[in-house]
file input-v9.cif (mmCIF, C-alpha atoms)
data_final
loop_
_atom_site.label_atom_id
_atom_site.label_comp_id
_atom_site.auth_asym_id
_atom_site.auth_seq_id
_atom_site.Cartn_x
_atom_site.Cartn_y
_atom_site.Cartn_z
CA MET A 15 124.41 42.97 132.61
CA SER A 16 124.07 45.33 129.69
CA VAL A 17 127.12 46.47 127.79
CA LYS A 18 130.37 47.79 129.25
CA LEU A 19 132.59 49.82 126.95
CA THR A 20 136.15 50.63 127.93
CA THR A 21 138.43 52.62 125.66
CA ARG A 22 142.20 52.67 125.71
CA GLN A 23 144.71 54.25 123.40
CA VAL A 24 147.50 52.18 121.82
CA GLY A 25 149.54 54.62 119.75
CA ASP A 26 147.05 56.30 117.46
CA VAL A 27 144.61 53.39 117.61
CA THR A 28 141.62 53.51 119.93
CA VAL A 29 140.85 50.07 121.28
CA VAL A 30 137.33 49.63 122.57
CA ASP A 31 136.91 46.64 124.88
CA VAL A 32 133.26 45.61 124.64
CA ALA A 33 131.79 43.35 127.31
CA GLY A 34 128.24 42.11 127.84
CA ARG A 35 125.20 42.42 125.62
CA ILE A 36 124.86 44.53 122.49
CA THR A 37 121.10 44.39 122.11
CA LEU A 38 118.33 46.83 121.30
CA GLY A 39 118.12 49.50 123.98
CA GLU A 40 120.91 50.46 126.31
CA GLY A 41 123.54 48.20 124.78
CA SER A 42 123.25 49.30 121.18
CA SER A 43 122.71 52.98 121.99
CA ALA A 44 125.82 53.05 124.23
CA LEU A 45 127.91 51.69 121.38
CA ARG A 46 126.38 54.18 118.93
CA ASP A 47 127.09 57.10 121.26
CA LEU A 48 130.68 56.00 121.76
CA MET A 49 131.32 55.63 118.04
CA ARG A 50 129.95 59.11 117.35
CA ASP A 51 132.04 60.49 120.20
CA LEU A 52 135.22 58.92 118.81
CA VAL A 53 134.60 60.23 115.31
CA GLY A 54 133.77 63.63 116.79
CA LYS A 55 137.20 63.62 118.43
CA SER A 56 138.79 62.67 115.11
CA GLN A 57 139.88 59.29 116.45
CA LYS A 58 139.74 57.50 113.15
CA LYS A 59 141.52 54.24 113.89
CA VAL A 60 139.15 52.12 115.93
CA LEU A 61 139.61 48.50 117.00
CA LEU A 62 136.53 46.91 118.57
CA ASN A 63 137.53 44.07 120.88
CA LEU A 64 134.42 41.87 121.03
CA GLY A 65 136.01 39.03 123.02
CA GLU A 66 133.76 39.54 126.05
CA VAL A 67 130.51 40.06 124.17
CA SER A 68 128.00 37.55 125.54
CA TYR A 69 125.08 38.35 123.26
CA ILE A 70 124.40 40.36 120.15
CA ASP A 71 121.10 40.75 118.31
CA SER A 72 120.17 42.26 114.95
CA SER A 73 120.17 45.71 116.51
CA GLY A 74 123.71 45.12 117.78
CA ILE A 75 124.78 43.95 114.34
CA GLY A 76 123.23 47.12 112.97
CA GLU A 77 125.31 49.19 115.36
CA LEU A 78 128.51 47.45 114.24
CA VAL A 79 127.60 48.28 110.64
CA SER A 80 126.69 51.84 111.60
CA GLY A 81 130.02 52.28 113.42
CA PHE A 82 131.88 50.85 110.44
CA THR A 83 130.13 53.25 108.05
CA THR A 84 130.54 56.26 110.34
CA VAL A 85 134.27 55.72 110.84
CA THR A 86 134.91 54.81 107.20
CA ASN A 87 133.02 57.85 105.93
CA SER A 88 135.14 60.06 108.17
CA GLY A 89 138.25 58.73 106.45
CA GLY A 90 139.14 56.22 109.15
CA ALA A 91 139.00 52.48 109.67
CA LEU A 92 137.08 50.29 112.09
CA LYS A 93 138.27 46.73 112.60
CA LEU A 94 137.12 43.87 114.81
CA LEU A 95 139.14 41.80 117.27
CA ASN A 96 138.52 38.52 119.13
CA LEU A 97 135.18 37.36 117.78
CA ASN A 98 133.68 34.54 119.79
CA LYS A 99 131.84 31.74 118.00
CA ARG A 100 128.44 33.33 118.44
CA VAL A 101 129.43 36.68 116.98
CA LYS A 102 131.47 35.08 114.23
CA ASP A 103 128.56 32.81 113.22
CA LEU A 104 126.20 35.78 113.12
CA LEU A 105 128.54 37.83 110.96
CA GLN A 106 129.00 34.87 108.65
CA ILE A 107 125.31 34.14 108.09
CA THR A 108 124.61 37.83 107.53
CA LYS A 109 127.54 37.97 105.06
CA LEU A 110 129.17 40.74 107.09
CA TYR A 111 132.24 38.71 107.99
CA THR A 112 133.86 39.72 104.73
CA VAL A 113 132.83 43.37 105.13
CA PHE A 114 134.76 43.80 108.37
CA GLU A 115 138.48 43.30 108.75
CA VAL A 116 138.69 40.75 111.57
CA HIS A 117 141.75 40.01 113.71
CA GLU A 118 142.54 37.47 116.39
CA ASP A 119 145.76 39.02 117.65
CA GLU A 120 145.67 42.51 119.12
CA ALA A 121 149.26 43.42 118.33
CA ALA A 122 148.83 42.39 114.70
CA ALA A 123 145.55 44.28 114.55
CA ILE A 124 147.22 47.45 115.87
CA ARG A 125 150.04 47.10 113.33
CA SER A 126 147.51 46.69 110.50
CA PHE A 127 146.37 50.30 110.96
CA ALA A 128 149.82 51.66 110.10
CA MET B 10 114.11 10.55 113.62
CA GLN B 11 112.99 9.83 117.15
CA GLU B 12 110.54 11.88 119.16
CA ASN B 13 111.39 13.38 122.51
CA ALA B 14 108.35 11.68 123.97
CA GLY B 15 109.79 11.60 127.48
CA HIS B 16 109.22 15.31 128.09
CA ALA B 17 105.86 16.45 129.43
CA PRO B 18 103.81 18.69 127.09
CA GLU B 19 103.81 22.30 128.19
CA THR B 20 102.01 25.44 127.04
CA VAL B 21 102.26 28.95 128.41
CA GLU B 22 100.33 31.96 127.11
CA LYS B 23 101.06 35.55 128.16
CA PHE B 24 99.80 38.95 127.11
CA LEU B 25 102.83 41.19 127.40
CA ASP B 26 103.00 44.96 127.67
CA SER B 27 104.83 46.55 124.75
CA THR B 28 108.13 47.23 126.50
CA LEU B 29 111.71 46.21 125.84
CA GLU B 30 111.88 44.70 129.33
CA ASN B 31 109.33 42.14 128.20
CA VAL B 32 111.63 41.09 125.37
CA ASP B 33 113.99 39.72 128.03
CA SER B 34 111.08 38.10 129.92
CA ALA B 35 109.77 36.43 126.76
CA GLU B 36 113.17 35.07 125.85
CA GLU B 37 113.70 33.73 129.36
CA LEU B 38 110.28 32.07 129.41
CA ALA B 39 110.77 30.43 126.01
CA LEU B 40 114.24 29.20 126.88
CA GLY B 41 113.00 27.60 130.10
CA ILE B 42 110.39 25.60 128.20
CA ALA B 43 112.83 24.76 125.40
CA GLN B 44 115.34 23.50 127.94
CA ARG B 45 112.73 21.32 129.66
CA ALA B 46 111.74 20.00 126.22
CA GLY B 47 115.27 18.66 125.84
CA LEU B 48 116.71 21.06 123.28
CA ASP B 49 120.49 21.41 123.33
CA ASP B 50 122.62 24.53 123.88
CA GLU B 51 123.00 25.24 120.18
CA ASP B 52 119.23 25.15 119.66
CA LEU B 53 118.66 27.20 122.81
CA MET B 54 120.93 29.91 121.43
CA LYS B 55 119.03 29.94 118.13
CA ILE B 56 115.62 29.92 119.81
CA GLY B 57 116.61 32.72 122.18
CA MET B 58 117.75 34.85 119.30
CA ALA B 59 114.66 34.15 117.15
CA VAL B 60 112.29 34.85 120.05
CA ARG B 61 114.11 38.08 120.87
CA GLU B 62 113.89 39.26 117.26
CA SER B 63 110.20 38.40 116.97
CA VAL B 64 109.18 40.08 120.23
CA VAL B 65 111.31 43.15 119.43
CA ASN B 66 109.49 43.41 116.09
CA ALA B 67 106.12 43.11 117.85
CA VAL B 68 106.97 45.72 120.49
CA VAL B 69 108.88 48.19 118.31
CA HIS B 70 107.49 47.89 114.78
CA GLY B 71 104.08 46.35 115.51
CA ASN B 72 102.78 47.98 118.67
CA ARG B 73 105.27 50.89 118.52
CA TYR B 74 105.73 50.80 122.31
CA ASN B 75 102.04 51.63 122.73
CA THR B 76 101.27 50.66 126.33
CA HIS B 77 97.63 50.06 125.43
CA LYS B 78 98.60 47.36 122.97
CA LYS B 79 99.65 43.87 124.03
CA VAL B 80 101.88 41.21 122.57
CA ARG B 81 100.31 37.76 122.67
CA PHE B 82 103.08 35.30 123.41
CA VAL B 83 102.45 31.56 123.38
CA VAL B 84 105.06 28.87 123.86
CA THR B 85 104.22 25.20 123.36
CA ALA B 86 106.28 22.04 123.57
CA ASP B 87 104.27 18.92 122.77
CA GLY B 88 106.87 16.21 122.44
CA LYS B 89 107.19 16.64 118.67
CA THR B 90 107.65 20.36 118.19
CA PHE B 91 108.60 23.44 120.13
CA THR B 92 106.48 26.35 118.92
CA VAL B 93 106.47 30.05 119.73
CA LEU B 94 103.68 32.34 118.57
CA VAL B 95 104.10 36.11 118.78
CA ALA B 96 101.20 38.36 117.80
CA ASP B 97 101.03 42.13 117.97
CA GLN B 98 98.18 44.60 117.63
CA GLY B 99 99.89 46.86 115.14
CA GLU B 100 99.04 47.90 111.61
CA GLY B 101 100.62 44.86 109.97
CA PHE B 102 103.14 45.03 107.16
CA ASP B 103 103.95 43.56 103.79
CA MET B 104 106.79 41.06 104.09
CA GLU B 105 107.57 41.56 100.39
CA SER B 106 108.59 45.09 101.30
CA VAL B 107 111.44 43.86 103.51
CA PRO B 108 114.66 44.07 101.48
CA ASP B 109 116.91 41.02 101.22
CA PRO B 110 119.58 41.71 103.87
CA LEU B 111 122.09 39.52 102.01
CA ALA B 112 121.89 41.47 98.75
CA PRO B 113 125.17 43.31 98.20
CA GLU B 114 123.42 46.68 98.09
CA ASN B 115 121.82 46.00 101.48
CA LEU B 116 124.77 44.60 103.40
CA LEU B 117 125.56 47.94 105.02
CA ARG B 118 122.00 48.68 106.06
CA THR B 119 121.76 49.12 109.81
CA SER B 120 118.43 47.30 110.13
CA GLY B 121 116.27 44.70 108.40
CA ARG B 122 117.97 41.47 109.54
CA GLY B 123 115.45 40.32 112.16
CA ILE B 124 113.21 38.21 109.93
CA PHE B 125 116.21 36.75 108.15
CA LEU B 126 117.67 35.64 111.50
CA MET B 127 114.36 34.11 112.61
CA ARG B 128 114.18 32.12 109.36
CA SER B 129 117.80 31.06 109.68
CA PHE B 130 117.56 29.89 113.27
CA MET B 131 114.26 28.02 113.28
CA ASP B 132 113.06 24.94 111.37
CA ASP B 133 109.89 26.70 110.31
CA PHE B 134 108.90 30.36 110.20
CA GLN B 135 105.50 31.74 109.29
CA LEU B 136 104.22 35.27 109.27
CA ARG B 137 100.63 36.24 108.67
CA ARG B 138 98.51 39.31 108.92
CA LEU B 139 95.71 38.93 111.44
CA GLU B 140 92.15 39.89 110.56
CA SER B 141 92.30 42.24 113.52
CA GLY B 142 95.16 44.04 111.76
CA GLY B 143 98.21 42.89 113.67
CA THR B 144 100.97 40.50 112.66
CA GLU B 145 101.43 36.97 113.93
CA VAL B 146 104.75 35.16 113.75
CA THR B 147 105.09 31.43 114.35
CA LEU B 148 108.48 29.93 115.08
CA VAL B 149 108.93 26.15 115.12
CA LYS B 150 111.80 23.90 116.14
CA HIS B 151 111.37 20.15 115.69
CA LEU B 152 112.16 18.05 118.74
CA VAL B 153 114.29 15.08 117.82
CA SER B 154 116.70 12.92 119.75
CA LYS B 155 120.25 13.54 118.65
#

call {"tool": "encode", "arguments": {"input": "input-v9.cif", "output": "structure tokens"}}
result
Amino acid sequence: MSVKLTTRQVGDVTVVDVAGRITLGEGSSALRDLMRDLVGKSQKKVLLNLGEVSYIDSSGIGELVSGFTTVTNSGGALKLLNLNKRVKDLLQITKLYTVFEVHEDEAAAIRSFA
Amino acid sequence: MQENAGHAPETVEKFLDSTLENVDSAEELALGIAQRAGLDDEDLMKIGMAVRESVVNAVVHGNRYNTHKKVRFVVTADGKTFTVLVADQGEGFDMESVPDPLAPENLLRTSGRGIFLMRSFMDDFQLRRLESGGTEVTLVKHLVSK
């Protein structure tokens, strides 16, 4: 399975439920396309729910960074939700854990955008 | 430190086409041998990731998806070490030119973390330029009873 991206709107926050693999190729390009689409639609509050991500490689990490930069540069905010151990470990060793705002509770994450 | 002497030595060598599909195949092949060599889930995760990064580099940056160029992929488990060798037929590159991905000014770069991850996840990492012009990466994990 590659990546499955499902978006839902909670107030003015766009929650993206990410499932599967964010790896070079289909997975990372799908995420990149979605992020550009959201920014293009002026949806500037984005919460990436990574709870169902089974695998992420350096390309996937690059796409998270790219999404963060794209949304931030457009005046918005991109935050992460539900990191599993694998993703959390990767963000920690690459020192990106402190770059992203990370949440474990969706409701609290939504409120944090206010 | 105790050797995993109970596991039969195993070596597989493949010459892979320069496609992203073969990244998955290489990872799967390496993980099968690593599993039979007795490595645990944590090591399997690290090996899978390091192999993926090295073969992606060979296919994308080394051979640049050129279907006429192959990736030599060798996996060996000999009871003491688990070793993966990945060699491309590209132009080679200067490792000194790869920026430190942990430097504050590079944290928001969207690429350049592959070699760092390989180093982080394996016990030994070597990269050398081949006389033929390509790049050869060697990834090693020591096999020890835990």

call {"tool": "resolve_selection", "arguments": {"input": "input-v9.cif", "expression": "the PyMOL selection byres ((chain A) within 12 of (chain B))", "output": "ChimeraX atom specification"}}
result
/A:15-16,35,37-40,42,46,68-84,86,99-101,103-114

call {"tool": "residues_near_point", "arguments": {"input": "input-v9.cif", "point": "(138.0, 35.4, 122.8)", "cutoff": "8 Å", "atoms": "only C-alpha atoms", "output": "VMD selection string"}}
result
chain A and resid 64 to 66 96 to 98

call {"tool": "resolve_selection", "arguments": {"input": "input-v9.cif", "expression": "the PyMOL selection byres ((chain A and resi 52) around 12)", "output": "PyMOL selection string"}}
result
chain A and resi 21-23+27-30+45-51+53-61+81+84-85+88+90-92

call {"tool": "atom_distance", "arguments": {"input": "input-v9.cif", "atom1": "atom CA of B:Asp103", "atom2": "atom CA of B:Ala67"}}
result
14.2 Å

call {"tool": "atom_distance", "arguments": {"input": "input-v9.cif", "atom1": "atom CA of B:Ile42", "atom2": "atom CA of B:Met131"}}
result
15.6 Å

call {"tool": "atom_distance", "arguments": {"input": "input-v9.cif", "atom1": "atom CA of B:His70", "atom2": "atom CA of B:Phe102"}}
result
9.2 Å

call {"tool": "closest_residue", "arguments": {"input": "input-v9.cif", "among": "B:Phe82, B:Lys23, B:Ser106, B:Asp87", "to": "B:Thr147", "atoms": "only C-alpha atoms"}}
result
B:Phe82

call {"tool": "resolve_selection", "arguments": {"input": "input-v9.cif", "expression": "the PyMOL selection byres ((chain B and resi 142) around 8)", "output": "list of chain:residue names"}}
result
B:Gln98, B:Gly99, B:Glu100, B:Gly101, B:Arg138, B:Leu139, B:Glu140, B:Ser141, B:Gly143, B:Thr144

call {"tool": "residues_around", "arguments": {"input": "input-v9.cif", "residues": "B:Val93", "least_positions_apart": "5", "cutoff": "10 Å", "atoms": "only C-alpha atoms", "output": "list in words"}}
result
Thr20, Val21, Glu22, Ala39, Ile56, Ala59, Val60, Ser63, Phe82, Val83, Val84, Thr85, Ala86, Phe134, Val146, Thr147, Leu148, Val149 and Lys150 of chain B

call {"tool": "residues_around", "arguments": {"input": "input-v9.cif", "residues": "A:Val67", "least_positions_apart": "4", "cutoff": "7 Å", "atoms": "all atoms listed in the file", "output": "PyMOL selection string"}}
result
chain A and resi 32-35

call {"tool": "write_last_selection", "arguments": {"input": "input-v9.cif", "atoms": "C-alpha atoms", "output": "PDB file, in the frame of the given file"}}
result
ATOM      1  CA  VAL A  32     133.260  45.610 124.640  1.00  0.00           C
ATOM      2  CA  ALA A  33     131.790  43.350 127.310  1.00  0.00           C
ATOM      3  CA  GLY A  34     128.240  42.110 127.840  1.00  0.00           C
ATOM      4  CA  ARG A  35     125.200  42.420 125.620  1.00  0.00           C
TER       5      ARG A  35
END

call {"tool": "closest_residue", "arguments": {"input": "input-v9.cif", "among": "B:Lys78, B:Phe91, B:Phe130, B:Leu152", "to": "B:Leu40", "atoms": "only C-alpha atoms"}}
result
B:Phe91

call {"tool": "residues_around", "arguments": {"input": "input-v9.cif", "residues": "A:Ala122", "least_positions_apart": "5", "cutoff": "12 Å", "atoms": "only C-alpha atoms", "output": "list in words"}}
result
Leu61, Lys93, Leu94, Leu95, Asn96, Glu115, Val116, His117, Phe127 and Ala128 of chain A

call {"tool": "write_last_selection", "arguments": {"input": "input-v9.cif", "atoms": "C-alpha atoms", "output": "PDB file, keeping the file's coordinate frame"}}
result
ATOM      1  CA  LEU A  61     139.610  48.500 117.000  1.00  0.00           C
ATOM      2  CA  LYS A  93     138.270  46.730 112.600  1.00  0.00           C
ATOM      3  CA  LEU A  94     137.120  43.870 114.810  1.00  0.00           C
ATOM      4  CA  LEU A  95     139.140  41.800 117.270  1.00  0.00           C
ATOM      5  CA  ASN A  96     138.520  38.520 119.130  1.00  0.00           C
ATOM      6  CA  GLU A 115     138.480  43.300 108.750  1.00  0.00           C
ATOM      7  CA  VAL A 116     138.690  40.750 111.570  1.00  0.00           C
ATOM      8  CA  HIS A 117     141.750  40.010 113.710  1.00  0.00           C
ATOM      9  CA  PHE A 127     146.370  50.300 110.960  1.00  0.00           C
ATOM     10  CA  ALA A 128     149.820  51.660 110.100  1.00  0.00           C
TER      11      ALA A 128
END

call {"tool": "residues_around", "arguments": {"input": "input-v9.cif", "residues": "B:His151", "least_positions_apart": "3", "cutoff": "8 Å", "atoms": "all atoms listed in the file", "output": "list in words"}}
result
Lys89, Thr90, Phe91 and Asp132 of chain B

call {"tool": "build_atoms", "arguments": {"input": "input-v9.cif", "residues": "stretch 84-105 of chain A", "atoms": "N, CA and C atoms", "output": "PDB file, keeping the file's coordinate frame"}}
result
ATOM      1  N   THR A  84     130.228  54.943 109.788  1.00  0.00           N
ATOM      2  CA  THR A  84     130.540  56.260 110.340  1.00  0.00           C
ATOM      3  C   THR A  84     132.048  56.519 110.306  1.00  0.00           C
ATOM      4  N   VAL A  85     132.812  55.544 110.780  1.00  0.00           N
ATOM      5  CA  VAL A  85     134.270  55.720 110.840  1.00  0.00           C
ATOM      6  C   VAL A  85     134.860  55.752 109.428  1.00  0.00           C
ATOM      7  N   THR A  86     134.389  54.855 108.570  1.00  0.00           N
ATOM      8  CA  THR A  86     134.910  54.810 107.200  1.00  0.00           C
ATOM      9  C   THR A  86     134.615  56.105 106.455  1.00  0.00           C
ATOM     10  N   ASN A  87     133.394  56.602 106.615  1.00  0.00           N
ATOM     11  CA  ASN A  87     133.020  57.850 105.930  1.00  0.00           C
ATOM     12  C   ASN A  87     133.796  59.062 106.433  1.00  0.00           C
ATOM     13  N   SER A  88     134.349  58.942 107.637  1.00  0.00           N
ATOM     14  CA  SER A  88     135.140  60.060 108.170  1.00  0.00           C
ATOM     15  C   SER A  88     136.617  59.925 107.766  1.00  0.00           C
ATOM     16  N   GLY A  89     136.874  58.919 106.933  1.00  0.00           N
ATOM     17  CA  GLY A  89     138.250  58.730 106.450  1.00  0.00           C
ATOM     18  C   GLY A  89     139.068  57.792 107.315  1.00  0.00           C
ATOM     19  N   GLY A  90     138.423  57.124 108.246  1.00  0.00           N
ATOM     20  CA  GLY A  90     139.140  56.220 109.150  1.00  0.00           C
ATOM     21  C   GLY A  90     138.886  54.763 108.844  1.00  0.00           C
ATOM     22  N   ALA A  91     139.206  53.925 109.836  1.00  0.00           N
ATOM     23  CA  ALA A  91     139.000  52.480 109.670  1.00  0.00           C
ATOM     24  C   ALA A  91     138.542  51.884 111.000  1.00  0.00           C
ATOM     25  N   LEU A  92     137.545  51.024 110.906  1.00  0.00           N
ATOM     26  CA  LEU A  92     137.080  50.290 112.090  1.00  0.00           C
ATOM     27  C   LEU A  92     137.297  48.806 111.830  1.00  0.00           C
ATOM     28  N   LYS A  93     137.988  48.157 112.758  1.00  0.00           N
ATOM     29  CA  LYS A  93     138.270  46.730 112.600  1.00  0.00           C
ATOM     30  C   LYS A  93     137.799  45.986 113.849  1.00  0.00           C
ATOM     31  N   LEU A  94     137.635  44.685 113.708  1.00  0.00           N
ATOM     32  CA  LEU A  94     137.120  43.870 114.810  1.00  0.00           C
ATOM     33  C   LEU A  94     138.193  42.916 115.316  1.00  0.00           C
ATOM     34  N   LEU A  95     138.148  42.667 116.624  1.00  0.00           N
ATOM     35  CA  LEU A  95     139.140  41.800 117.270  1.00  0.00           C
ATOM     36  C   LEU A  95     138.425  40.769 118.149  1.00  0.00           C
ATOM     37  N   ASN A  96     138.962  39.558 118.182  1.00  0.00           N
ATOM     38  CA  ASN A  96     138.520  38.520 119.130  1.00  0.00           C
ATOM     39  C   ASN A  96     137.028  38.178 119.047  1.00  0.00           C
ATOM     40  N   LEU A  97     136.586  37.765 117.887  1.00  0.00           N
ATOM     41  CA  LEU A  97     135.180  37.360 117.780  1.00  0.00           C
ATOM     42  C   LEU A  97     134.995  35.998 118.425  1.00  0.00           C
ATOM     43  N   ASN A  98     133.997  35.878 119.294  1.00  0.00           N
ATOM     44  CA  ASN A  98     133.680  34.540 119.790  1.00  0.00           C
ATOM     45  C   ASN A  98     132.807  33.826 118.752  1.00  0.00           C
ATOM     46  N   LYS A  99     132.540  32.546 119.013  1.00  0.00           N
ATOM     47  CA  LYS A  99     131.840  31.740 118.000  1.00  0.00           C
ATOM     48  C   LYS A  99     130.479  32.342 117.647  1.00  0.00           C
ATOM     49  N   ARG A 100     129.789  32.809 118.660  1.00  0.00           N
ATOM     50  CA  ARG A 100     128.440  33.330 118.440  1.00  0.00           C
ATOM     51  C   ARG A 100     128.448  34.539 117.507  1.00  0.00           C
ATOM     52  N   VAL A 101     129.358  35.468 117.806  1.00  0.00           N
ATOM     53  CA  VAL A 101     129.430  36.680 116.980  1.00  0.00           C
ATOM     54  C   VAL A 101     129.926  36.335 115.583  1.00  0.00           C
ATOM     55  N   LYS A 102     130.918  35.465 115.528  1.00  0.00           N
ATOM     56  CA  LYS A 102     131.470  35.080 114.230  1.00  0.00           C
ATOM     57  C   LYS A 102     130.394  34.406 113.359  1.00  0.00           C
ATOM     58  N   ASP A 103     129.631  33.485 113.966  1.00  0.00           N
ATOM     59  CA  ASP A 103     128.560  32.810 113.220  1.00  0.00           C
ATOM     60  C   ASP A 103     127.548  33.815 112.688  1.00  0.00           C
ATOM     61  N   LEU A 104     127.185  34.774 113.535  1.00  0.00           N
ATOM     62  CA  LEU A 104     126.200  35.780 113.120  1.00  0.00           C
ATOM     63  C   LEU A 104     126.719  36.620 111.955  1.00  0.00           C
ATOM     64  N   LEU A 105     127.979  37.017 112.049  1.00  0.00           N
ATOM     65  CA  LEU A 105     128.540  37.830 110.960  1.00  0.00           C
ATOM     66  C   LEU A 105     128.663  37.007 109.685  1.00  0.00           C
TER      67      LEU A 105
END
